[in-house]
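Asks: Contents are mmCIF, C-alpha atoms; file name start-v5.cif:
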data_data
#
loop_
_atom_site.label_atom_id
_atom_site.label_comp_id
_atom_site.auth_asym_id
_atom_site.auth_seq_id
_atom_site.Cartn_x
_atom_site.Cartn_y
_atom_site.Cartn_z
CA MET F 1 8.18 47.84 23.88
CA GLU F 2 4.80 47.91 22.11
CA LYS F 3 5.29 51.34 20.54
CA MET F 4 8.71 50.23 19.32
CA LYS F 5 7.21 47.11 17.77
CA GLU F 6 4.86 49.40 15.86
CA LEU F 7 7.87 51.39 14.65
CA TYR F 8 9.85 48.33 13.58
CA ALA F 9 6.83 46.88 11.76
CA GLN F 10 6.97 49.81 9.33
CA TYR F 11 10.44 48.82 8.13
CA ASN F 12 12.23 45.77 6.76
CA CYS F 13 13.76 44.13 9.82
CA ASP F 14 13.89 40.67 8.27
CA LEU F 15 17.67 40.61 7.97
CA LYS F 16 20.09 37.70 7.97
CA ASP F 17 23.70 38.23 8.96
CA ALA F 18 25.03 36.01 6.16
CA ASP F 19 23.10 38.01 3.54
CA VAL F 20 24.48 41.27 4.91
CA LYS F 21 28.05 39.94 4.70
CA SER F 22 27.52 38.82 1.10
CA ALA F 23 26.03 42.18 0.14
CA VAL F 24 29.03 44.06 1.57
CA GLU F 25 31.46 41.81 -0.31
CA ALA F 26 29.57 42.43 -3.55
CA ILE F 27 29.64 46.22 -3.09
CA LEU F 28 33.38 46.24 -2.44
CA ALA F 29 34.10 43.97 -5.39
CA LYS F 30 32.11 46.26 -7.67
CA ASP F 31 33.01 49.74 -6.42
CA PHE F 32 36.13 49.81 -4.19
CA ALA F 33 38.68 50.22 -6.98
CA LYS F 34 36.93 53.19 -8.58
CA ASN F 35 36.66 54.94 -5.18
CA ASN F 36 40.29 54.31 -4.25
CA THR F 37 41.47 57.72 -5.46
CA VAL F 38 43.15 60.81 -4.04
CA GLU F 39 39.94 62.79 -4.46
CA VAL F 40 38.08 60.31 -2.24
CA TYR F 41 40.95 60.44 0.28
CA LYS F 42 40.42 64.21 0.46
CA LYS F 43 36.67 63.76 1.00
CA CYS F 44 37.37 61.29 3.79
CA LEU F 45 39.83 63.70 5.41
CA ASN F 46 37.18 66.42 5.32
CA SER F 47 34.73 64.05 7.04
CA ILE F 48 36.87 63.27 10.10
CA ASP F 49 35.89 64.04 13.68
CA LEU F 50 39.47 64.40 14.96
CA THR F 51 39.19 62.65 18.30
CA SER F 52 41.04 62.52 21.59
CA LEU F 53 39.25 60.54 24.29
CA LEU F 54 41.92 59.38 26.72
CA GLY F 55 41.83 59.52 30.48
CA THR F 56 45.25 61.18 30.28
CA ASP F 57 44.05 64.09 28.12
CA THR F 58 45.04 67.49 29.51
CA GLU F 59 44.02 71.02 28.62
CA GLU F 60 47.45 71.63 27.11
CA LYS F 61 47.29 68.51 24.97
CA ILE F 62 43.87 69.48 23.61
CA ALA F 63 44.96 73.09 23.10
CA GLU F 64 47.90 71.86 21.01
CA MET F 65 45.57 69.69 18.94
CA MET F 66 43.38 72.76 18.31
CA ARG F 67 46.41 74.81 17.26
CA LYS F 68 47.26 72.14 14.67
CA VAL F 69 43.70 72.29 13.35
CA ASN F 70 43.93 76.10 13.22
CA ASP F 71 47.24 75.97 11.32
CA PHE F 72 46.16 73.21 8.93
CA PRO F 73 45.09 75.58 6.08
CA LYS F 74 48.49 77.28 6.22
CA ASN F 75 50.42 74.00 6.19
CA PHE F 76 48.18 72.25 3.64
CA PRO F 77 46.63 75.07 1.59
CA ASN F 78 45.27 72.75 -1.10
CA LEU F 79 43.53 70.33 1.26
CA PRO F 80 40.23 70.52 3.19
CA ASN F 81 40.38 70.62 6.98
CA VAL F 82 38.75 68.06 9.26
CA ALA F 83 35.02 68.37 9.92
CA ALA F 84 35.11 68.52 13.71
CA VAL F 85 37.13 67.82 16.81
CA CYS F 86 35.81 65.50 19.51
CA VAL F 87 36.76 65.69 23.20
CA TYR F 88 35.47 64.97 26.70
CA PRO F 89 32.98 67.46 28.23
CA SER F 90 35.42 69.04 30.68
CA LEU F 91 37.75 69.89 27.80
CA VAL F 92 35.14 71.70 25.71
CA PRO F 93 35.95 75.11 27.28
CA VAL F 94 39.65 75.02 26.29
CA THR F 95 38.65 73.67 22.87
CA ARG F 96 36.25 76.57 22.38
CA GLU F 97 38.87 79.04 23.61
CA VAL F 98 41.68 77.91 21.30
CA LEU F 99 39.89 76.67 18.19
CA ASN F 100 39.57 79.32 15.48
CA LYS F 101 35.84 80.05 15.26
CA ASN F 102 36.13 81.00 11.58
CA ASN F 103 37.67 77.80 10.26
CA GLY F 104 34.40 75.89 9.91
CA VAL F 105 35.45 73.07 12.24
CA ASN F 106 32.77 72.04 14.74
CA ILE F 107 33.27 71.05 18.36
CA ALA F 108 31.87 67.64 19.21
CA ALA F 109 31.89 66.14 22.68
CA VAL F 110 30.93 62.81 24.16
CA ALA F 111 28.41 63.12 26.97
CA ALA F 112 25.63 61.33 28.87
CA CYS F 113 28.07 59.16 30.83
CA PHE F 114 30.12 57.98 27.86
CA PRO F 115 31.12 55.25 27.09
CA ALA F 116 28.91 52.87 29.11
CA SER F 117 25.83 55.08 29.59
CA GLN F 118 25.28 53.28 32.89
CA SER F 119 23.93 56.04 35.07
CA PHE F 120 20.74 57.86 36.02
CA ILE F 121 18.95 59.67 33.20
CA GLU F 122 19.03 62.85 35.30
CA VAL F 123 22.84 62.70 35.31
CA LYS F 124 22.97 62.07 31.56
CA VAL F 125 20.64 64.99 30.83
CA ALA F 126 22.58 67.31 33.14
CA GLU F 127 25.93 66.44 31.57
CA THR F 128 24.52 66.88 28.08
CA ALA F 129 23.05 70.29 28.90
CA LEU F 130 26.26 71.44 30.60
CA THR F 131 28.36 70.30 27.64
CA VAL F 132 26.18 72.24 25.21
CA LYS F 133 26.36 75.29 27.46
CA ALA F 134 30.16 74.99 27.49
CA GLY F 135 30.19 75.39 23.72
CA ALA F 136 29.78 72.00 22.02
CA ASP F 137 28.14 72.06 18.59
CA GLU F 138 27.55 68.30 18.55
CA ILE F 139 26.90 65.76 21.30
CA ASP F 140 27.79 62.07 20.95
CA VAL F 141 25.89 59.76 23.33
CA VAL F 142 25.65 55.98 23.72
CA ILE F 143 22.36 54.11 23.90
CA SER F 144 21.68 52.26 27.15
CA LEU F 145 22.85 48.92 25.82
CA GLY F 146 21.83 46.92 28.88
CA LYS F 147 18.28 48.20 28.64
CA PHE F 148 18.12 47.68 24.89
CA MET F 149 19.42 44.13 25.04
CA SER F 150 17.03 43.22 27.86
CA GLY F 151 14.09 44.38 25.74
CA ALA F 152 13.39 47.77 27.32
CA HIS F 153 13.42 49.52 23.95
CA SER F 154 10.78 52.08 24.86
CA GLU F 155 12.84 53.18 27.85
CA VAL F 156 15.88 53.65 25.61
CA TYR F 157 13.74 55.68 23.20
CA ASP F 158 12.47 57.88 26.04
CA GLU F 159 16.03 58.49 27.31
CA LEU F 160 17.26 59.51 23.87
CA SER F 161 14.27 61.84 23.45
CA GLU F 162 15.22 63.58 26.71
CA LEU F 163 18.84 63.87 25.58
CA LYS F 164 17.71 65.33 22.28
CA ALA F 165 15.76 68.00 24.15
CA ALA F 166 18.81 68.74 26.32
CA CYS F 167 20.91 69.30 23.18
CA LYS F 168 18.81 72.31 22.19
CA ASN F 169 20.46 73.58 18.97
CA ALA F 170 23.39 71.16 19.09
CA HIS F 171 23.28 68.04 16.91
CA LEU F 172 22.71 64.70 18.61
CA LYS F 173 24.88 61.79 17.42
CA VAL F 174 23.72 58.46 18.84
CA ILE F 175 26.24 55.62 19.24
CA LEU F 176 24.74 52.15 18.93
CA GLU F 177 27.87 50.23 20.00
CA SER F 178 27.01 47.96 17.09
CA GLY F 179 29.70 45.40 17.86
CA SER F 180 27.95 44.57 21.12
CA LEU F 181 24.58 44.02 19.48
CA ARG F 182 23.78 40.42 18.70
CA SER F 183 22.55 40.54 15.12
CA ALA F 184 21.82 42.64 12.07
CA VAL F 185 18.20 42.75 13.25
CA GLU F 186 19.20 44.41 16.53
CA ILE F 187 21.42 46.90 14.69
CA LYS F 188 18.49 47.78 12.42
CA GLN F 189 16.11 48.17 15.38
CA ALA F 190 18.58 50.32 17.34
CA SER F 191 19.10 52.51 14.25
CA LEU F 192 15.37 53.06 13.80
CA LEU F 193 14.83 53.70 17.50
CA ALA F 194 17.61 56.31 17.60
CA MET F 195 16.37 58.13 14.51
CA ALA F 196 12.77 58.15 15.73
CA ALA F 197 14.01 59.67 19.01
CA GLY F 198 15.62 62.55 17.14
CA ALA F 199 19.18 61.52 16.29
CA ASP F 200 20.85 63.76 13.72
CA PHE F 201 23.52 61.10 13.20
CA ILE F 202 23.77 57.44 14.06
CA LYS F 203 27.23 56.14 14.86
CA THR F 204 28.64 52.62 15.08
CA SER F 205 30.89 52.56 18.11
CA THR F 206 32.66 54.25 21.00
CA GLY F 207 36.02 52.72 20.10
CA LYS F 208 36.18 51.42 23.66
CA THR F 209 34.91 47.89 22.89
CA GLU F 210 35.67 45.16 20.35
CA PRO F 211 34.56 44.68 17.69
CA ALA F 212 34.15 48.35 16.90
CA ALA F 213 33.02 49.65 13.49
CA THR F 214 32.31 46.96 10.90
CA LEU F 215 31.29 47.22 7.27
CA GLU F 216 28.34 44.95 7.97
CA ALA F 217 27.03 47.32 10.63
CA ALA F 218 27.53 50.22 8.22
CA TYR F 219 25.47 48.39 5.58
CA VAL F 220 22.58 47.80 8.00
CA MET F 221 22.66 51.29 9.50
CA CYS F 222 22.80 53.02 6.11
CA GLY F 223 19.93 50.86 4.90
CA ALA F 224 17.93 52.02 7.91
CA ILE F 225 18.81 55.65 7.16
CA LYS F 226 17.66 55.23 3.56
CA GLU F 227 14.35 53.67 4.54
CA TYR F 228 13.78 56.28 7.25
CA TYR F 229 14.44 59.09 4.76
CA LYS F 230 12.01 57.64 2.23
CA LYS F 231 9.30 57.37 4.87
CA THR F 232 9.85 60.66 6.74
CA GLY F 233 11.84 62.96 4.45
CA ILE F 234 14.41 63.40 7.25
CA LYS F 235 18.08 62.97 6.37
CA VAL F 236 20.10 61.40 9.18
CA GLY F 237 23.89 61.23 9.01
CA PHE F 238 26.13 58.19 9.46
CA LYS F 239 29.40 57.96 11.37
CA PRO F 240 31.63 54.89 11.51
CA ALA F 241 33.96 55.13 14.49
CA GLY F 242 36.33 52.86 16.34
CA GLY F 243 39.17 51.07 14.60
CA VAL F 244 38.94 52.93 11.28
CA SER F 245 42.58 53.96 10.93
CA THR F 246 43.92 53.13 7.46
CA THR F 247 43.20 54.71 4.10
CA GLU F 248 41.98 51.37 2.77
CA GLU F 249 39.48 51.01 5.63
CA ALA F 250 38.22 54.56 5.10
CA VAL F 251 37.65 53.91 1.39
CA GLN F 252 35.85 50.66 2.19
CA PHE F 253 33.38 52.47 4.46
CA TYR F 254 33.05 55.31 1.93
CA THR F 255 32.26 52.75 -0.75
CA VAL F 256 29.54 50.99 1.26
CA VAL F 257 27.91 54.25 2.35
CA LYS F 258 27.94 55.71 -1.16
CA ALA F 259 26.51 52.53 -2.68
CA ILE F 260 23.52 52.63 -0.32
CA LEU F 261 22.89 56.33 0.26
CA GLY F 262 24.30 57.94 -2.87
CA ASP F 263 26.34 61.07 -3.57
CA GLU F 264 24.07 63.39 -1.59
CA TRP F 265 25.28 61.79 1.66
CA MET F 266 28.98 62.00 0.79
CA ASN F 267 29.77 65.26 2.58
CA ASN F 268 30.61 66.10 6.17
CA LYS F 269 27.10 67.28 6.92
CA LEU F 270 25.87 63.69 6.63
CA PHE F 271 28.99 61.49 6.74
CA ARG F 272 31.77 61.45 9.33
CA PHE F 273 34.57 59.26 10.59
CA GLY F 274 35.41 59.14 14.29
CA ALA F 275 39.18 58.78 14.24
CA SER F 276 42.50 59.70 15.79
CA ARG F 277 45.05 57.94 13.54
CA LEU F 278 43.14 58.13 10.26
CA ALA F 279 43.95 61.78 9.53
CA ASN F 280 47.73 61.24 9.30
CA ASN F 281 47.29 58.08 7.23
CA LEU F 282 45.03 59.87 4.74
CA LEU F 283 47.45 62.80 4.59
CA SER F 284 50.27 60.35 3.86
CA SER F 285 48.26 58.73 1.06
CA ILE F 286 47.38 62.12 -0.43
CA GLU F 287 50.91 63.50 -0.22
CA GLY F 288 52.62 60.27 -1.31
CA LYS F 289 54.95 60.30 1.69
CA GLU F 290 54.68 59.73 5.42
CA VAL F 291 53.01 62.64 7.18
CA LYS F 292 52.73 62.94 10.97
CA TYR F 293 50.95 66.25 11.37
CA PHE F 294 48.20 65.53 13.89
#
As structure tokens, what does this structure read like?

Replies:
Amino acid sequence: MEKMKELYAQYNCDLKDADVKSAVEAILAKDFAKNNTVEVYKKCLNSIDLTSLLGTDTEEKIAEMMRKVNDFPKNFPNLPNVAAVCVYPSLVPVTREVLNKNNGVNIAAVAACFPASQSFIEVKVAETALTVKAGADEIDVVISLGKFMSGAHSEVYDELSELKAACKNAHLKVILESGSLRSAVEIKQASLLAMAAGADFIKTSTGKTEPAATLEAAYVMCGAIKEYYKKTGIKVGFKPAGGVSTTEEAVQFYTVVKAILGDEWMNNKLFRFGASRLANNLLSSIEGKEVKYF
């Protein structure tokens, strides 16, 4: 824990939950209306990790999802495609086989014993390495919440560092499961820990617990990203995930992220949504009629 205390001491971790809530409300009151436009809806669509993470997922179901992604430019020629697709490790091979390699859509996969991360580090590293070998461009992993919340922050840092090494050239996206953390301070600490360990993105939630993504967590995490960038020069991405399903919710998160991190973060290299229902809702808002494509 000592080396993590040294890390945290370099940043502003003196946060109060009530102040965070007030700050989010102020940002939305000031900026939501001007961001609630079709052009922003399109940017949000282009930032989606189109996700299917059900125990009932089959190769055929995932293959059909990939075919829809492949055909999207033909069906919606004036709209940008999603940023990535996100599946379980065992379904990466069929995803890689069916997904058009030239469409610019990445393959993301959850790994390292998602969603609870309650296993041996050797198992987590092995699954991560195998998932990358199978063809994943991005790996989404969950921090060891039990260890973090019991104070073993250095152990969590060491685990994430090993997972980063196992990713090789694939991007590492670290899920904090922010709704399970007890305060804004813990969300800030987990964000800093993950970035210091090599995260290319930090992500709110798995979508498997409640509460999932919140605007308050987004505010804290983006603040951590901004401070980390100023100190290190390293740009880390942000991904809200879990429960973000409506156009209004997407614009709210977009508004908070843009207010803190600025325009240079508002692209799918540095900003993503983890979502399954959001894509159709954004398409419906863009087209002005109900669309059920994905």

Asks: Please write as a PyMOL selection string the full residue list that the PyMOL selection byres ((chain F and resi 280) around 7) yields on this file.

Replies: chain F and resi 277-279+281-284+291-294

Asks: Report as a list of chain:residue names the residues that result from applying the PyMOL selection byres ((chain F and resi 241) around 7) to the structure here.

Replies: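 Taken over the shown coordinates, the PyMOL selection byres ((chain F and resi 241) around 7) returns F:Lys203, F:Thr204, F:Ser205, F:Thr206, F:Gly207, F:Ala213, F:Lys239, F:Pro240, F:Gly242, F:Gly243, F:Val244, F:Phe273, F:Gly274, F:Ala275.
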
Asks: I'd like a table as CSV: residues in region 185-238 of chain F with an atom no more than 7 Å from region 149-165 of chain F, each row giving the shortest atom pair and its distance in Å to one decimal, all atoms listed in the file counted, sorted by chain and rising residue number.

Replies:
residue,atom,partner,partner_atom,distance
F:Leu193,CA,F:Tyr157,CA,6.1
F:Ala194,CA,F:Tyr157,CA,6.8
F:Ala197,CA,F:Ser161,CA,4.9
F:Gly198,CA,F:Lys164,CA,6.2

Asks: Just the residues within 12 Å of Ala18 (chain F), please, counting all atoms listed in the file, with nothing from its chain fewer than 5 positions along; format it as a ChimeraX atom specification.

Replies: /F:23-25,183-185,216

Asks: Please tell me which residues are no farther than 10 Å from (20.4, 59.6, 12.9) in the file, counting all atoms listed in the file, and write them as an NGL selection string.

Replies: :F and (171-175 or 191-203 or 221-222 or 224-225 or 228 or 234-239 or 270)

Asks: As an exercise, work out the distance from CA of Phe114 (chain F) to CA of Leu130 (chain F) in Å and give it to one decimal place.

Replies: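 Computing the Euclidean distance for CA of Phe114 (chain F) and CA of Leu130 (chain F) yields 14.3 Å.
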
Asks: So how many Å separate CA of Val38 (chain F) and CA of Ile107 (chain F), to one decimal?

Replies: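 Interatomic distance here is 26.5 Å.
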
Asks: Could you tell me which residues the PyMOL selection byres ((chain F and resi 12) around 10) grabs in this file, written as a list in words?

Replies: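 So the PyMOL selection byres ((chain F and resi 12) around 10) ends up selecting Tyr8, Ala9, Gln10, Tyr11, Cys13, Asp14, Leu15, Val185, Lys188, Gln189, Gly223, Ala224 and Glu227 of chain F.
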
Asks: CA of Thr51 (chain F) and CA of Ala217 (chain F) are how many Å apart?

Replies: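 CA of Ala217 (chain F) lies at a distance of 21.0 Å from CA of Thr51 (chain F).
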
Asks: Within 9 Å of region 254-257 of chain F, counting all atoms listed in the file, which residues show up once you throw out same-chain ones fewer than 5 positions away? Write them as a ChimeraX atom specification, please.

Replies: /F:24,27-28,31-32,35-36,40,44,215,218-219,222,238,249,262,265-266,271

Asks: Go ahead and save the picked residues with C-alpha atoms, as an mmCIF file, in the frame of the given file.

Replies:
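So selection_1.cif came out as:
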data_model
loop_
_atom_site.group_PDB
_atom_site.id
_atom_site.type_symbol
_atom_site.label_atom_id
_atom_site.label_comp_id
_atom_site.auth_asym_id
_atom_site.auth_seq_id
_atom_site.Cartn_x
_atom_site.Cartn_y
_atom_site.Cartn_z
ATOM 1 C CA VAL F 24 29.030 44.060 1.570
ATOM 2 C CA ILE F 27 29.640 46.220 -3.090
ATOM 3 C CA LEU F 28 33.380 46.240 -2.440
ATOM 4 C CA ASP F 31 33.010 49.740 -6.420
ATOM 5 C CA PHE F 32 36.130 49.810 -4.190
ATOM 6 C CA ASN F 35 36.660 54.940 -5.180
ATOM 7 C CA ASN F 36 40.290 54.310 -4.250
ATOM 8 C CA VAL F 40 38.080 60.310 -2.240
ATOM 9 C CA CYS F 44 37.370 61.290 3.790
ATOM 10 C CA LEU F 215 31.290 47.220 7.270
ATOM 11 C CA ALA F 218 27.530 50.220 8.220
ATOM 12 C CA TYR F 219 25.470 48.390 5.580
ATOM 13 C CA CYS F 222 22.800 53.020 6.110
ATOM 14 C CA PHE F 238 26.130 58.190 9.460
ATOM 15 C CA GLU F 249 39.480 51.010 5.630
ATOM 16 C CA GLY F 262 24.300 57.940 -2.870
ATOM 17 C CA TRP F 265 25.280 61.790 1.660
ATOM 18 C CA MET F 266 28.980 62.000 0.790
ATOM 19 C CA PHE F 271 28.990 61.490 6.740
#

Asks: Near Asp137 (chain F), within 12 Å and counting only C-alpha atoms, which residues show up once chain neighbours fewer than 4 positions away are dropped, as a ChimeraX atom specification?

Replies: /F:83-87,89,92,95-96,101,104-110,128-129,131-133,167-173

Asks: I need the residue nearest Lys42 (chain F) from this list: F:Gly146, F:Gly233, F:Pro80, F:Pro93. Use only C-alpha atoms for the distance.

Replies: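 Closest candidate: F:Pro80.
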
Asks: First collect every listed atom of region 173-179 of chain F; then fit an axis-aligned box around them, widen it by 3 Å on each side, and give centre and edge lengths in Å to one decimal, as lines of an AutoDock Vina configuration file.

Replies:
center_x = 26.7
center_y = 53.6
center_z = 18.5
size_x = 12.0
size_y = 22.4
size_z = 8.9

Asks: Could you tell me which of F:Asn78, F:Ser90, F:Lys30, F:Ser178 comes closest to Thr58 (chain F) if we count only C-alpha atoms?

Replies: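 Residue with the minimum atom-to-atom distance to Thr58 (chain F): F:Ser90.
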